[in-house]
file my_file35.tsv (TSV, C-alpha atoms)
chain	number	residue	atom	x	y	z
A	1	MET	CA	1.87	8.69	-11.76
A	2	ALA	CA	-0.32	11.77	-11.98
A	3	THR	CA	-0.30	13.86	-15.13
A	4	ASP	CA	-1.13	17.53	-15.59
A	5	GLU	CA	-4.36	16.61	-17.40
A	6	ALA	CA	-7.18	16.62	-14.86
A	7	THR	CA	-9.82	13.92	-14.84
A	8	LEU	CA	-11.72	15.67	-12.03
A	9	ILE	CA	-12.12	19.35	-11.22
A	10	ILE	CA	-13.56	20.34	-7.86
A	11	ARG	CA	-14.63	23.83	-8.79
A	12	ASP	CA	-15.17	26.90	-6.63
A	13	VAL	CA	-14.22	25.76	-3.14
A	14	ARG	CA	-12.39	27.52	-0.32
A	15	PRO	CA	-9.45	25.40	0.91
A	16	TRP	CA	-9.14	25.89	4.67
A	17	GLY	CA	-11.62	28.78	4.32
A	18	GLY	CA	-9.35	30.83	2.06
A	19	ALA	CA	-9.80	32.19	-1.46
A	20	ARG	CA	-12.14	30.49	-3.91
A	21	SER	CA	-10.16	27.90	-5.82
A	22	ASP	CA	-10.40	25.00	-8.23
A	23	ILE	CA	-8.76	21.72	-7.24
A	24	ARG	CA	-7.64	19.63	-10.21
A	25	VAL	CA	-7.22	15.89	-9.78
A	26	ALA	CA	-5.65	13.22	-11.98
A	27	ASP	CA	-4.91	9.58	-11.19
A	28	GLY	CA	-6.26	10.03	-7.69
A	29	ARG	CA	-3.92	12.90	-6.80
A	30	ILE	CA	-4.16	16.67	-6.68
A	31	VAL	CA	-2.29	18.20	-9.59
A	32	SER	CA	-3.04	21.85	-8.87
A	33	VAL	CA	-4.98	24.29	-6.71
A	34	THR	CA	-5.64	27.54	-8.57
A	35	ALA	CA	-7.92	30.56	-8.32
A	36	THR	CA	-11.42	29.66	-9.48
A	37	GLY	CA	-11.89	30.01	-13.22
A	38	ALA	CA	-8.31	31.09	-13.83
A	39	GLY	CA	-8.23	30.56	-17.56
A	40	ASP	CA	-10.08	27.25	-17.72
A	41	GLY	CA	-13.35	28.37	-19.25
A	42	VAL	CA	-15.34	25.76	-17.32
A	43	ALA	CA	-19.02	26.56	-17.31
A	44	GLY	CA	-21.03	26.82	-14.11
A	45	GLY	CA	-23.55	24.37	-12.76
A	46	ALA	CA	-24.08	22.29	-9.66
A	47	SER	CA	-22.28	19.31	-11.17
A	48	ALA	CA	-21.25	18.59	-14.73
A	49	SER	CA	-19.21	16.24	-16.87
A	50	GLY	CA	-16.79	17.48	-19.45
A	51	GLY	CA	-15.78	21.09	-19.60
A	52	ALA	CA	-12.86	22.35	-21.63
A	53	GLY	CA	-10.02	24.40	-20.32
A	54	ALA	CA	-6.36	24.47	-19.39
A	55	GLY	CA	-5.33	21.31	-17.63
A	56	ALA	CA	-8.71	19.63	-18.10
A	57	GLY	CA	-8.83	16.45	-20.12
A	58	ALA	CA	-11.60	15.68	-22.52
A	59	GLY	CA	-14.53	14.37	-20.53
A	60	ALA	CA	-13.12	15.54	-17.19
A	61	ARG	CA	-15.75	15.44	-14.47
A	62	VAL	CA	-16.53	18.82	-12.92
A	63	VAL	CA	-18.03	19.15	-9.45
A	64	ASP	CA	-19.31	22.60	-8.46
A	65	GLY	CA	-18.44	23.31	-4.83
A	66	ARG	CA	-20.57	26.48	-4.74
A	67	GLY	CA	-18.01	28.29	-2.58
A	68	GLN	CA	-18.08	25.73	0.22
A	69	LEU	CA	-15.29	25.10	2.71
A	70	ALA	CA	-12.82	22.40	1.66
A	71	LEU	CA	-10.74	20.43	4.15
A	72	PRO	CA	-8.41	17.46	3.75
A	73	GLY	CA	-9.94	14.09	4.55
A	74	LEU	CA	-10.43	13.34	8.24
A	75	VAL	CA	-8.06	10.82	9.82
A	76	ASN	CA	-9.13	8.32	12.47
A	77	THR	CA	-5.96	7.38	14.35
A	78	HIS	CA	-7.52	4.91	16.80
A	79	ALA	CA	-10.41	2.74	15.70
A	80	HIS	CA	-11.65	-0.84	16.16
A	81	VAL	CA	-13.44	-1.41	12.87
A	82	ASP	CA	-13.47	-5.20	13.30
A	83	LYS	CA	-15.80	-5.37	16.30
A	84	SER	CA	-18.92	-3.28	15.79
A	85	TRP	CA	-22.53	-4.49	15.83
A	86	TRP	CA	-23.45	-1.80	13.30
A	87	GLY	CA	-25.88	-3.46	10.91
A	88	HIS	CA	-27.57	-5.54	13.63
A	89	GLU	CA	-30.64	-4.78	15.64
A	90	TRP	CA	-30.08	-3.01	18.94
A	91	GLU	CA	-27.69	-4.93	21.20
A	92	SER	CA	-28.42	-4.27	24.87
A	93	TYR	CA	-25.44	-3.54	27.10
A	94	GLY	CA	-24.62	-6.69	29.05
A	95	GLY	CA	-21.93	-8.32	31.11
A	96	GLU	CA	-19.90	-6.84	33.93
A	97	PRO	CA	-18.28	-3.39	33.98
A	98	GLY	CA	-14.53	-2.83	33.92
A	99	THR	CA	-11.92	-3.98	31.44
A	100	GLN	CA	-12.03	-7.62	32.49
A	101	GLY	CA	-15.83	-7.68	32.39
A	102	ARG	CA	-15.99	-6.14	28.94
A	103	ILE	CA	-13.41	-8.57	27.57
A	104	ALA	CA	-15.39	-11.54	28.89
A	105	HIS	CA	-18.70	-10.24	27.53
A	106	GLU	CA	-17.22	-9.56	24.12
A	107	ARG	CA	-15.80	-13.08	23.94
A	108	ALA	CA	-19.20	-14.51	24.84
A	109	ARG	CA	-21.21	-12.53	22.24
A	110	ARG	CA	-18.95	-11.80	19.29
A	111	ASP	CA	-19.55	-15.00	17.32
A	112	ALA	CA	-23.32	-14.48	17.35
A	113	LEU	CA	-22.81	-11.01	15.85
A	114	GLY	CA	-20.38	-12.08	13.14
A	115	ILE	CA	-17.42	-10.38	14.80
A	116	PRO	CA	-14.98	-10.25	13.12
A	117	SER	CA	-16.13	-10.38	9.49
A	118	GLU	CA	-15.77	-8.46	6.26
A	119	PRO	CA	-19.39	-7.15	6.33
A	120	VAL	CA	-18.90	-5.73	9.85
A	121	ALA	CA	-15.69	-3.94	8.95
A	122	THR	CA	-17.08	-2.70	5.62
A	123	ARG	CA	-20.12	-1.13	7.29
A	124	VAL	CA	-17.91	0.72	9.78
A	125	LEU	CA	-15.47	1.96	7.13
A	126	ARG	CA	-18.38	3.12	4.94
A	127	GLU	CA	-19.85	5.11	7.81
A	128	GLY	CA	-16.50	6.76	8.43
A	129	LEU	CA	-16.20	7.57	4.72
A	130	ARG	CA	-19.70	9.08	4.75
A	131	THR	CA	-18.53	11.59	7.36
A	132	GLY	CA	-15.27	12.35	5.57
A	133	THR	CA	-12.74	9.91	7.02
A	134	THR	CA	-10.35	8.78	4.31
A	135	ARG	CA	-7.55	7.33	6.42
A	136	VAL	CA	-7.80	5.00	9.42
A	137	ARG	CA	-5.44	3.31	11.83
A	138	THR	CA	-7.43	0.43	13.28
A	139	HIS	CA	-6.69	-2.03	16.04
A	140	VAL	CA	-7.81	-5.52	15.10
A	141	ASP	CA	-8.23	-8.24	17.72
A	142	VAL	CA	-5.73	-11.09	17.59
A	143	ASP	CA	-6.33	-13.85	20.10
A	144	LEU	CA	-6.61	-17.61	20.46
A	145	GLY	CA	-10.29	-17.53	19.52
A	146	VAL	CA	-10.04	-15.62	16.22
A	147	GLY	CA	-6.40	-16.00	15.27
A	148	LEU	CA	-5.67	-13.63	12.39
A	149	ARG	CA	-9.19	-13.77	10.90
A	150	GLY	CA	-9.94	-10.22	11.97
A	151	ILE	CA	-6.97	-8.85	10.04
A	152	GLU	CA	-8.06	-10.77	6.95
A	153	ALA	CA	-11.61	-9.38	7.33
A	154	VAL	CA	-10.44	-5.77	7.65
A	155	ARG	CA	-8.16	-6.08	4.65
A	156	ALA	CA	-11.05	-7.53	2.63
A	157	ALA	CA	-13.25	-4.62	3.73
A	158	ALA	CA	-10.66	-2.10	2.60
A	159	ASP	CA	-10.46	-3.91	-0.74
A	160	ALA	CA	-14.26	-3.85	-1.01
A	161	LEU	CA	-14.09	-0.06	-0.87
A	162	ASP	CA	-11.45	-0.17	-3.61
A	163	GLY	CA	-8.92	1.84	-1.63
A	164	ALA	CA	-11.19	4.80	-0.91
A	165	VAL	CA	-10.19	4.50	2.75
A	166	GLU	CA	-6.51	3.90	3.38
A	167	VAL	CA	-6.23	1.48	6.31
A	168	SER	CA	-3.27	0.83	8.61
A	169	ILE	CA	-3.58	-2.24	10.85
A	170	VAL	CA	-2.52	-2.81	14.45
A	171	ALA	CA	-2.64	-6.45	15.56
A	172	PHE	CA	-4.21	-5.98	18.99
A	173	PRO	CA	-4.11	-8.48	21.92
A	174	GLN	CA	-7.40	-7.42	23.56
A	175	ASP	CA	-7.33	-10.39	25.97
A	176	GLY	CA	-3.75	-9.84	27.12
A	177	VAL	CA	-0.34	-10.86	25.85
A	178	LEU	CA	1.33	-13.14	28.38
A	179	ARG	CA	-1.62	-14.47	30.32
A	180	ARG	CA	-2.81	-16.32	27.20
A	181	PRO	CA	0.07	-18.54	25.98
A	182	GLY	CA	0.33	-18.35	22.22
A	183	VAL	CA	-0.70	-14.71	21.79
A	184	LEU	CA	2.90	-13.51	21.38
A	185	ASP	CA	3.31	-16.05	18.60
A	186	LEU	CA	0.16	-14.74	16.90
A	187	LEU	CA	1.44	-11.17	17.13
A	188	ARG	CA	4.71	-12.24	15.55
A	189	GLN	CA	2.80	-14.01	12.77
A	190	ALA	CA	0.73	-10.87	12.18
A	191	ALA	CA	3.83	-8.68	12.02
A	192	THR	CA	5.57	-11.10	9.66
A	193	ALA	CA	2.46	-11.13	7.46
A	194	GLY	CA	2.50	-7.35	7.12
A	195	ALA	CA	0.61	-5.80	10.03
A	196	ASP	CA	1.90	-2.25	10.35
A	197	HIS	CA	1.96	-2.35	14.15
A	198	ILE	CA	1.43	-4.72	17.02
A	199	GLY	CA	-0.43	-3.66	20.14
A	200	GLY	CA	-0.22	-4.19	23.85
A	201	LEU	CA	-2.56	-3.62	26.75
A	202	ASP	CA	-2.09	-2.39	30.33
A	203	PRO	CA	1.01	-4.49	31.10
A	204	SER	CA	0.69	-4.15	34.87
A	205	LEU	CA	-3.07	-4.58	35.25
A	206	ILE	CA	-3.76	-7.19	32.55
A	207	ASP	CA	-0.65	-9.38	32.40
A	208	ARG	CA	0.72	-8.28	35.80
A	209	ASP	CA	4.16	-8.47	34.22
A	210	PRO	CA	4.99	-5.13	32.60
A	211	VAL	CA	8.61	-5.98	31.88
A	212	GLY	CA	7.69	-9.33	30.35
A	213	GLN	CA	4.92	-7.93	28.15
A	214	LEU	CA	6.95	-5.01	26.85
A	215	ASP	CA	10.10	-7.06	26.29
A	216	GLY	CA	8.04	-9.51	24.23
A	217	LEU	CA	6.46	-6.79	22.11
A	218	PHE	CA	9.67	-4.88	21.50
A	219	ALA	CA	11.48	-8.08	20.54
A	220	ILE	CA	8.93	-8.62	17.77
A	221	ALA	CA	9.26	-5.01	16.65
A	222	ALA	CA	13.05	-5.23	16.58
A	223	ASP	CA	12.98	-8.49	14.60
A	224	THR	CA	10.30	-7.58	12.06
A	225	GLY	CA	10.44	-3.78	11.76
A	226	CYS	CA	6.79	-3.33	12.69
A	227	GLY	CA	5.68	-0.51	14.96
A	228	ILE	CA	4.07	-0.70	18.40
A	229	ASP	CA	0.78	0.93	19.37
A	230	ILE	CA	-0.06	0.13	22.98
A	231	HIS	CA	-3.23	0.79	24.99
A	232	LEU	CA	-2.37	2.28	28.37
A	233	HIS	CA	-5.38	2.90	30.61
A	234	GLU	CA	-3.38	2.56	33.82
A	235	PRO	CA	-3.74	5.67	35.98
A	236	ALA	CA	-1.38	8.10	37.69
A	237	GLU	CA	2.05	6.80	38.72
A	238	LEU	CA	1.30	3.22	37.69
A	239	GLY	CA	0.62	4.48	34.19
A	240	ALA	CA	3.59	6.82	34.26
A	241	PHE	CA	5.75	3.83	35.19
A	242	ALA	CA	4.51	2.09	32.03
A	243	PHE	CA	5.39	5.21	30.03
A	244	ASP	CA	8.92	5.04	31.45
A	245	LEU	CA	9.27	1.37	30.54
A	246	VAL	CA	8.12	2.02	26.97
A	247	LEU	CA	10.46	4.97	26.56
A	248	ASP	CA	13.40	3.01	28.01
A	249	ARG	CA	12.96	0.35	25.32
A	250	VAL	CA	12.53	2.85	22.48
A	251	GLU	CA	15.78	4.49	23.53
A	252	ARG	CA	17.72	1.26	24.10
A	253	LEU	CA	16.67	-0.34	20.82
A	254	GLY	CA	16.92	2.84	18.75
A	255	ILE	CA	13.35	2.54	17.44
A	256	ALA	CA	12.75	5.12	14.71
A	257	PRO	CA	10.63	8.19	15.50
A	258	GLY	CA	6.93	7.68	14.83
A	259	ARG	CA	7.08	3.90	15.17
A	260	VAL	CA	5.81	3.73	18.77
A	261	ASN	CA	2.48	5.16	19.90
A	262	ILE	CA	0.74	5.25	23.26
A	263	ALA	CA	-3.05	5.15	23.03
A	264	HIS	CA	-5.27	6.64	25.73
A	265	GLY	CA	-2.37	7.25	28.14
A	266	PHE	CA	-4.65	8.51	30.92
A	267	ALA	CA	-1.67	8.82	33.27
A	268	ILE	CA	-0.28	11.77	31.33
A	269	VAL	CA	-3.07	14.01	32.65
A	270	ASP	CA	-3.09	12.41	36.11
A	271	VAL	CA	0.49	13.15	37.09
A	272	ASP	CA	1.72	16.50	38.35
A	273	PRO	CA	2.82	19.15	35.82
A	274	VAL	CA	6.54	18.61	36.36
A	275	ARG	CA	6.30	14.85	35.85
A	276	ARG	CA	4.17	15.44	32.72
A	277	ARG	CA	6.65	17.98	31.37
A	278	ASP	CA	9.51	15.50	31.79
A	279	LEU	CA	7.56	12.66	30.16
A	280	LEU	CA	6.56	14.84	27.23
A	281	ALA	CA	10.13	16.07	26.73
A	282	ARG	CA	11.40	12.51	26.61
A	283	MET	CA	8.60	11.40	24.29
A	284	ALA	CA	9.41	14.24	21.92
A	285	SER	CA	13.11	13.43	21.89
A	286	LEU	CA	12.37	9.80	20.98
A	287	GLY	CA	9.52	10.51	18.54
A	288	VAL	CA	6.92	8.63	20.59
A	289	THR	CA	3.38	9.76	19.72
A	290	MET	CA	-0.04	9.60	21.40
A	291	THR	CA	-3.63	9.09	20.33
A	292	THR	CA	-6.76	10.04	22.25
A	293	VAL	CA	-10.45	9.26	21.91
A	294	ALA	CA	-11.29	12.36	23.98
A	295	PRO	CA	-13.13	10.52	26.79
A	296	VAL	CA	-15.96	12.71	28.04
A	297	ARG	CA	-15.54	11.96	31.72
A	298	MET	CA	-11.81	12.63	31.88
A	299	ARG	CA	-9.40	15.52	31.46
A	300	GLN	CA	-8.19	15.99	27.90
A	301	LEU	CA	-4.63	15.91	26.62
A	302	PRO	CA	-3.35	19.48	27.06
A	303	LEU	CA	-3.10	20.93	23.56
A	304	HIS	CA	-0.49	23.60	24.27
A	305	GLU	CA	1.72	21.36	26.39
A	306	PHE	CA	1.85	18.71	23.68
A	307	ASP	CA	2.54	21.23	20.92
A	308	GLU	CA	5.17	23.09	22.93
A	309	ALA	CA	6.93	19.83	23.76
A	310	GLY	CA	6.70	18.68	20.14
A	311	VAL	CA	4.73	15.49	20.83
A	312	ARG	CA	2.42	14.53	17.95
A	313	PHE	CA	-1.03	13.29	18.79
A	314	GLY	CA	-4.15	12.29	16.91
A	315	PHE	CA	-7.86	11.73	17.45
A	316	GLY	CA	-9.67	8.43	17.22
A	317	THR	CA	-13.21	7.15	17.56
A	318	ASP	CA	-12.27	4.02	19.54
A	319	GLY	CA	-15.08	1.42	19.28
A	320	ILE	CA	-18.24	2.23	17.33
A	321	ARG	CA	-21.46	0.61	18.58
A	322	ASP	CA	-19.60	-2.36	19.99
A	323	LEU	CA	-19.89	-4.71	22.93
A	324	TRP	CA	-17.99	-2.29	25.12
A	325	SER	CA	-20.41	0.60	24.60
A	326	PRO	CA	-23.46	1.41	22.45
A	327	TYR	CA	-22.05	4.87	21.69
A	328	GLY	CA	-20.12	5.94	18.61
A	329	ASP	CA	-21.06	6.84	15.05
A	330	GLY	CA	-17.70	6.97	13.30
A	331	ASP	CA	-17.65	10.76	12.86
A	332	LEU	CA	-14.11	11.89	13.59
A	333	LEU	CA	-15.15	15.55	13.46
A	334	GLY	CA	-17.47	14.76	16.37
A	335	ILE	CA	-14.51	13.43	18.37
A	336	ALA	CA	-12.55	16.61	17.59
A	337	TRP	CA	-15.55	18.65	18.80
A	338	GLN	CA	-15.73	16.53	21.95
A	339	TYR	CA	-12.03	17.12	22.63
A	340	ALA	CA	-12.32	20.87	22.07
A	341	ARG	CA	-15.48	21.31	24.12
A	342	ALA	CA	-14.33	19.15	27.04
A	343	GLY	CA	-10.89	20.77	27.00
A	344	GLY	CA	-12.20	24.33	27.00
A	345	VAL	CA	-10.70	25.16	23.60
A	346	VAL	CA	-12.21	28.49	22.50
A	347	ARG	CA	-9.60	30.69	20.81
A	348	ASP	CA	-9.52	30.83	17.03
A	349	GLU	CA	-5.95	29.61	16.68
A	350	ASP	CA	-6.60	26.68	19.02
A	351	LEU	CA	-9.84	25.65	17.30
A	352	THR	CA	-7.97	25.72	13.99
A	353	ARG	CA	-5.24	23.59	15.52
A	354	VAL	CA	-7.80	20.98	16.57
A	355	VAL	CA	-9.04	20.72	12.96
A	356	GLU	CA	-5.44	20.39	11.76
A	357	VAL	CA	-4.89	17.49	14.15
A	358	ALA	CA	-8.11	15.84	12.91
A	359	THR	CA	-7.07	16.14	9.25
A	360	ARG	CA	-3.64	17.18	7.95
A	361	ASP	CA	-1.46	16.27	10.92
A	362	GLY	CA	-3.29	13.12	11.95
A	363	ALA	CA	-2.44	11.49	8.63
A	364	ARG	CA	1.09	10.75	9.76
A	365	PHE	CA	-0.35	7.94	11.87
A	366	VAL	CA	-1.38	6.19	8.64
A	367	THR	CA	0.94	7.42	5.89
A	368	ASP	CA	4.29	9.10	5.39
A	369	GLU	CA	3.07	11.26	2.51
A	370	ALA	CA	1.64	14.76	2.62
A	371	HIS	CA	-2.06	14.94	3.45
A	372	ASP	CA	-3.34	18.38	2.55
A	373	LEU	CA	-5.00	20.35	-0.21
A	374	VAL	CA	-1.76	20.74	-2.15
A	375	ALA	CA	-0.36	19.50	-5.43
A	376	GLY	CA	1.02	15.99	-5.16
A	377	ALA	CA	-1.15	14.90	-2.25
A	378	ARG	CA	-3.68	12.09	-2.53
A	379	ALA	CA	-6.98	13.68	-3.52
A	380	ASP	CA	-8.82	13.44	-0.20
A	381	VAL	CA	-11.17	16.42	0.00
A	382	VAL	CA	-14.19	17.05	2.21
A	383	LEU	CA	-16.72	19.79	1.41
A	384	LEU	CA	-18.78	21.44	4.16
A	385	ASP	CA	-21.24	24.30	4.04
A	386	ALA	CA	-19.37	26.30	6.67
A	387	GLU	CA	-17.73	29.69	6.99
A	388	ASN	CA	-14.33	28.35	8.03
A	389	PRO	CA	-12.74	25.35	9.83
A	390	LEU	CA	-13.71	26.81	13.23
A	391	ASP	CA	-17.36	27.05	12.24
A	392	ALA	CA	-17.28	23.53	10.81
A	393	LEU	CA	-15.90	22.20	14.09
A	394	VAL	CA	-18.13	23.92	16.61
A	395	ARG	CA	-21.31	23.22	14.60
A	396	ARG	CA	-20.20	19.73	13.52
A	397	VAL	CA	-21.39	20.64	10.05
A	398	PRO	CA	-22.64	17.72	7.90
A	399	ARG	CA	-20.39	16.75	5.02
A	400	SER	CA	-21.71	17.80	1.60
A	401	LEU	CA	-19.32	15.79	-0.54
A	402	VAL	CA	-16.35	13.48	0.04
A	403	VAL	CA	-13.55	12.86	-2.43
A	404	ALA	CA	-11.33	9.91	-1.44
A	405	GLY	CA	-8.36	9.05	-3.57
A	406	GLY	CA	-9.93	11.06	-6.40
A	407	ARG	CA	-13.24	9.20	-6.25
A	408	VAL	CA	-16.37	11.26	-5.59
A	409	PHE	CA	-18.84	10.09	-2.93
A	410	ASP	CA	-22.22	11.54	-2.06
A	411	PRO	CA	-22.66	11.12	1.73
A	412	ALA	CA	-26.40	10.59	1.23
A	413	GLU	CA	-25.69	7.58	-0.97
A	414	LEU	CA	-23.36	6.10	1.66
A	415	ALA	CA	-25.88	6.50	4.47
A	416	GLN	CA	-26.87	3.28	6.22
A	417	ARG	CA	-29.50	2.45	8.76
A	418	PRO	CA	-27.46	1.19	11.72
A	419	TRP	CA	-29.71	-1.84	12.13
A	420	GLU	CA	-29.74	-2.98	8.50
call {"tool": "encode", "arguments": {"input": "my_file35.tsv", "output": "structure tokens"}}
result
Amino acid sequence: MATDEATLIIRDVRPWGGARSDIRVADGRIVSVTATGAGDGVAGGASASGGAGAGAGAGARVVDGRGQLALPGLVNTHAHVDKSWWGHEWESYGGEPGTQGRIAHERARRDALGIPSEPVATRVLREGLRTGTTRVRTHVDVDLGVGLRGIEAVRAAADALDGAVEVSIVAFPQDGVLRRPGVLDLLRQAATAGADHIGGLDPSLIDRDPVGQLDGLFAIAADTGCGIDIHLHEPAELGAFAFDLVLDRVERLGIAPGRVNIAHGFAIVDVDPVRRRDLLARMASLGVTMTTVAPVRMRQLPLHEFDEAGVRFGFGTDGIRDLWSPYGDGDLLGIAWQYARAGGVVRDEDLTRVVEVATRDGARFVTDEAHDLVAGARADVVLLDAENPLDALVRRVPRSLVVAGGRVFDPAELAQRPWE
């Protein structure tokens, strides 16, 4: 429980680009945000320990923000931190294209690359932390070849970072649900063992049994209380049909708002505006959310249509230097930039909204608590040498300092060579 006596003071920063303020932190949480120097008597300096003043404990650490922009920690709502080859020498793209080809190639190469393992997941989480990500929802492969080892590895990686990055786990059936007998049982085991969500994948194209796959997943959710986070790449009306099937089950079973998410959901931008409007209205009424990785070769989720309908969505990095693609560096702000640029987002209020989705609002995919620069919130603060959130986004400004759960990290000290 936080006290009023600060153990860390982040001095002279501009929360969301506003007035210069001091952020006081105790027990990993923000205890106050006040005008800079308001009665605390803390001396200047780039960084200092100690410093007397109101609300500052003896020996409180003081970090001088030098008037920089402060944002809440970035939130990655769709990652695959278990399956990167970050830390290995360059891995040439191999195998066949398409979903089936990528699955087969990954199965053939993953053991040689130590996928999944704690070191792999730790390297990816560290790289996200370096760029300001303090909360992550990650899909973790669960299949007959790895069982639940990937979940164990990701949990160990989160522990290795001592809670700096809060991690929410989706047990993900990358190789299909029904076409591999035993996968449903593994998903149930994962949910029973505490996975926050279970996943699904293209029920018509992968399992060729959309009703069977979804009935199996929703039965586990109903029995265990876990959520569902399903990959839907299926296009146009085939994908919209999958949306309908998901929404039917949410409604019939009375699944709580926020417990079911559709990832990718390419169909939502393929269908005509009236069909999209109706889908979004139904999603909003049932509290079904969406996540996007802002694919560069496709239309983006329409910002205003989602906000007007009241459908929450978040940004994710997807895979990072994995056997599906050599691209990705873990920088969630880069994904937000990609979404804004590809979607033609140019107005100030819309650029600000994109940053809100990448930080404050995205956190609801990982936690139920407030995630902002306010008293009571977990102390997740990112400093950037930028004029305002809009400037930080369009220039993809490097992070100067990251505070995660009240712990101070220098991005330069977290930097890793991708091949070491």
call {"tool": "closest_residue", "arguments": {"input": "my_file35.tsv", "among": "A:Arg126, A:His197, A:Arg102, A:Arg20", "to": "Ser168 in chain A", "atoms": "all atoms listed in the file"}}
result
A:His197
call {"tool": "residues_around", "arguments": {"input": "my_file35.tsv", "residues": "Ala160 in chain A", "least_positions_apart": "3", "cutoff": "10 Å", "atoms": "all atoms listed in the file", "output": "list in words"}}
result
Glu118, Pro119, Thr122, Val154, Arg155, Ala156, Ala157, Gly163 and Ala164 of chain A
call {"tool": "residues_around", "arguments": {"input": "my_file35.tsv", "residues": "Phe172 in chain A", "least_positions_apart": "5", "cutoff": "8 Å", "atoms": "only C-alpha atoms", "output": "compact mmCIF listing (two decimals) with C-alpha atoms, in the frame of the given file"}}
result
# COMPACT_ATOMS: atom_id res chain seq x y z
CA HIS A 139 -6.69 -2.03 16.04
CA VAL A 140 -7.81 -5.52 15.10
CA ASP A 141 -8.23 -8.24 17.72
CA VAL A 142 -5.73 -11.09 17.59
CA LEU A 187 1.44 -11.17 17.13
CA ILE A 198 1.43 -4.72 17.02
CA GLY A 199 -0.43 -3.66 20.14
CA GLY A 200 -0.22 -4.19 23.85
call {"tool": "residues_around", "arguments": {"input": "my_file35.tsv", "residues": "Gly334 in chain A", "least_positions_apart": "5", "cutoff": "12 Å", "atoms": "all atoms listed in the file", "output": "count of residues only"}}
result
29
call {"tool": "closest_residue", "arguments": {"input": "my_file35.tsv", "among": "A:Ala236, A:Pro389, A:Val31, A:Arg130", "to": "Pro15 in chain A", "atoms": "all atoms listed in the file"}}
result
A:Pro389
call {"tool": "closest_residue", "arguments": {"input": "my_file35.tsv", "among": "A:Val246, A:Leu253, A:Ile220, A:Ile320", "to": "Val81 in chain A", "atoms": "all atoms listed in the file"}}
result
A:Ile320
call {"tool": "closest_atom_pairs", "arguments": {"input": "my_file35.tsv", "of": "range 322-409 of chain A", "to": "range 308-312 of chain A", "cutoff": "10 Å", "atoms": "only C-alpha atoms", "output": "tab-separated table"}}
result
residue	atom	partner	partner_atom	distance
A:Val357	CA	A:Arg312	CA	8.8
A:Asp361	CA	A:Arg312	CA	8.2
A:Gly362	CA	A:Arg312	CA	8.4
A:Arg364	CA	A:Arg312	CA	9.1
A:Phe365	CA	A:Arg312	CA	9.4
call {"tool": "residues_around", "arguments": {"input": "my_file35.tsv", "residues": "range 262-266 of chain A", "least_positions_apart": "4", "cutoff": "8 Å", "atoms": "only C-alpha atoms", "output": "list in words"}}
result
His78, Asp229, Ile230, His231, Leu232, His233, Glu234, Pro235, Ala236, Gly239, Asp270, Val288, Thr289, Met290, Thr291, Thr292 and Val293 of chain A
call {"tool": "atom_distance", "arguments": {"input": "my_file35.tsv", "atom1": "CA of Gly147 in chain A", "atom2": "CA of Arg188 in chain A"}}
result
11.7 Å
call {"tool": "residues_around", "arguments": {"input": "my_file35.tsv", "residues": "Pro418 in chain A", "least_positions_apart": "2", "cutoff": "8 Å", "atoms": "all atoms listed in the file", "output": "NGL selection string"}}
result
:A and (86-89 or 416 or 420)
call {"tool": "closest_residue", "arguments": {"input": "my_file35.tsv", "among": "A:Leu414, A:Leu401, A:Met298, A:Val25", "to": "Asp64 in chain A", "atoms": "all atoms listed in the file"}}
result
A:Leu401
call {"tool": "atom_distance", "arguments": {"input": "my_file35.tsv", "atom1": "CA of Gln68 in chain A", "atom2": "CA of Phe313 in chain A"}}
result
28.1 Å
call {"tool": "atom_distance", "arguments": {"input": "my_file35.tsv", "atom1": "CA of Gly114 in chain A", "atom2": "CA of Arg137 in chain A"}}
result
21.5 Å
call {"tool": "residues_near_point", "arguments": {"input": "my_file35.tsv", "point": "(-7.3, 5.7, 7.0)", "cutoff": "8 Å", "atoms": "all atoms listed in the file", "output": "PyMOL selection string"}}
result
chain A and resi 75-77+133-137+165-168+363+366
call {"tool": "write_last_selection", "arguments": {"input": "my_file35.tsv", "atoms": "C-alpha atoms", "output": "PDB file, in the frame of the given file"}}
result
ATOM      1  CA  VAL A  75      -8.060  10.820   9.820  1.00  0.00           C
ATOM      2  CA  ASN A  76      -9.130   8.320  12.470  1.00  0.00           C
ATOM      3  CA  THR A  77      -5.960   7.380  14.350  1.00  0.00           C
ATOM      4  CA  THR A 133     -12.740   9.910   7.020  1.00  0.00           C
ATOM      5  CA  THR A 134     -10.350   8.780   4.310  1.00  0.00           C
ATOM      6  CA  ARG A 135      -7.550   7.330   6.420  1.00  0.00           C
ATOM      7  CA  VAL A 136      -7.800   5.000   9.420  1.00  0.00           C
ATOM      8  CA  ARG A 137      -5.440   3.310  11.830  1.00  0.00           C
ATOM      9  CA  VAL A 165     -10.190   4.500   2.750  1.00  0.00           C
ATOM     10  CA  GLU A 166      -6.510   3.900   3.380  1.00  0.00           C
ATOM     11  CA  VAL A 167      -6.230   1.480   6.310  1.00  0.00           C
ATOM     12  CA  SER A 168      -3.270   0.830   8.610  1.00  0.00           C
ATOM     13  CA  ALA A 363      -2.440  11.490   8.630  1.00  0.00           C
ATOM     14  CA  VAL A 366      -1.380   6.190   8.640  1.00  0.00           C
TER      15      VAL A 366
END
call {"tool": "closest_residue", "arguments": {"input": "my_file35.tsv", "among": "A:Leu323, A:Arg29, A:Asp202, A:Gly227", "to": "Arg110 in chain A", "atoms": "all atoms listed in the file"}}
result
A:Leu323
call {"tool": "closest_residue", "arguments": {"input": "my_file35.tsv", "among": "A:Gln189, A:Thr352, A:Thr99, A:Thr367", "to": "Leu148 in chain A", "atoms": "all atoms listed in the file"}}
result
A:Gln189
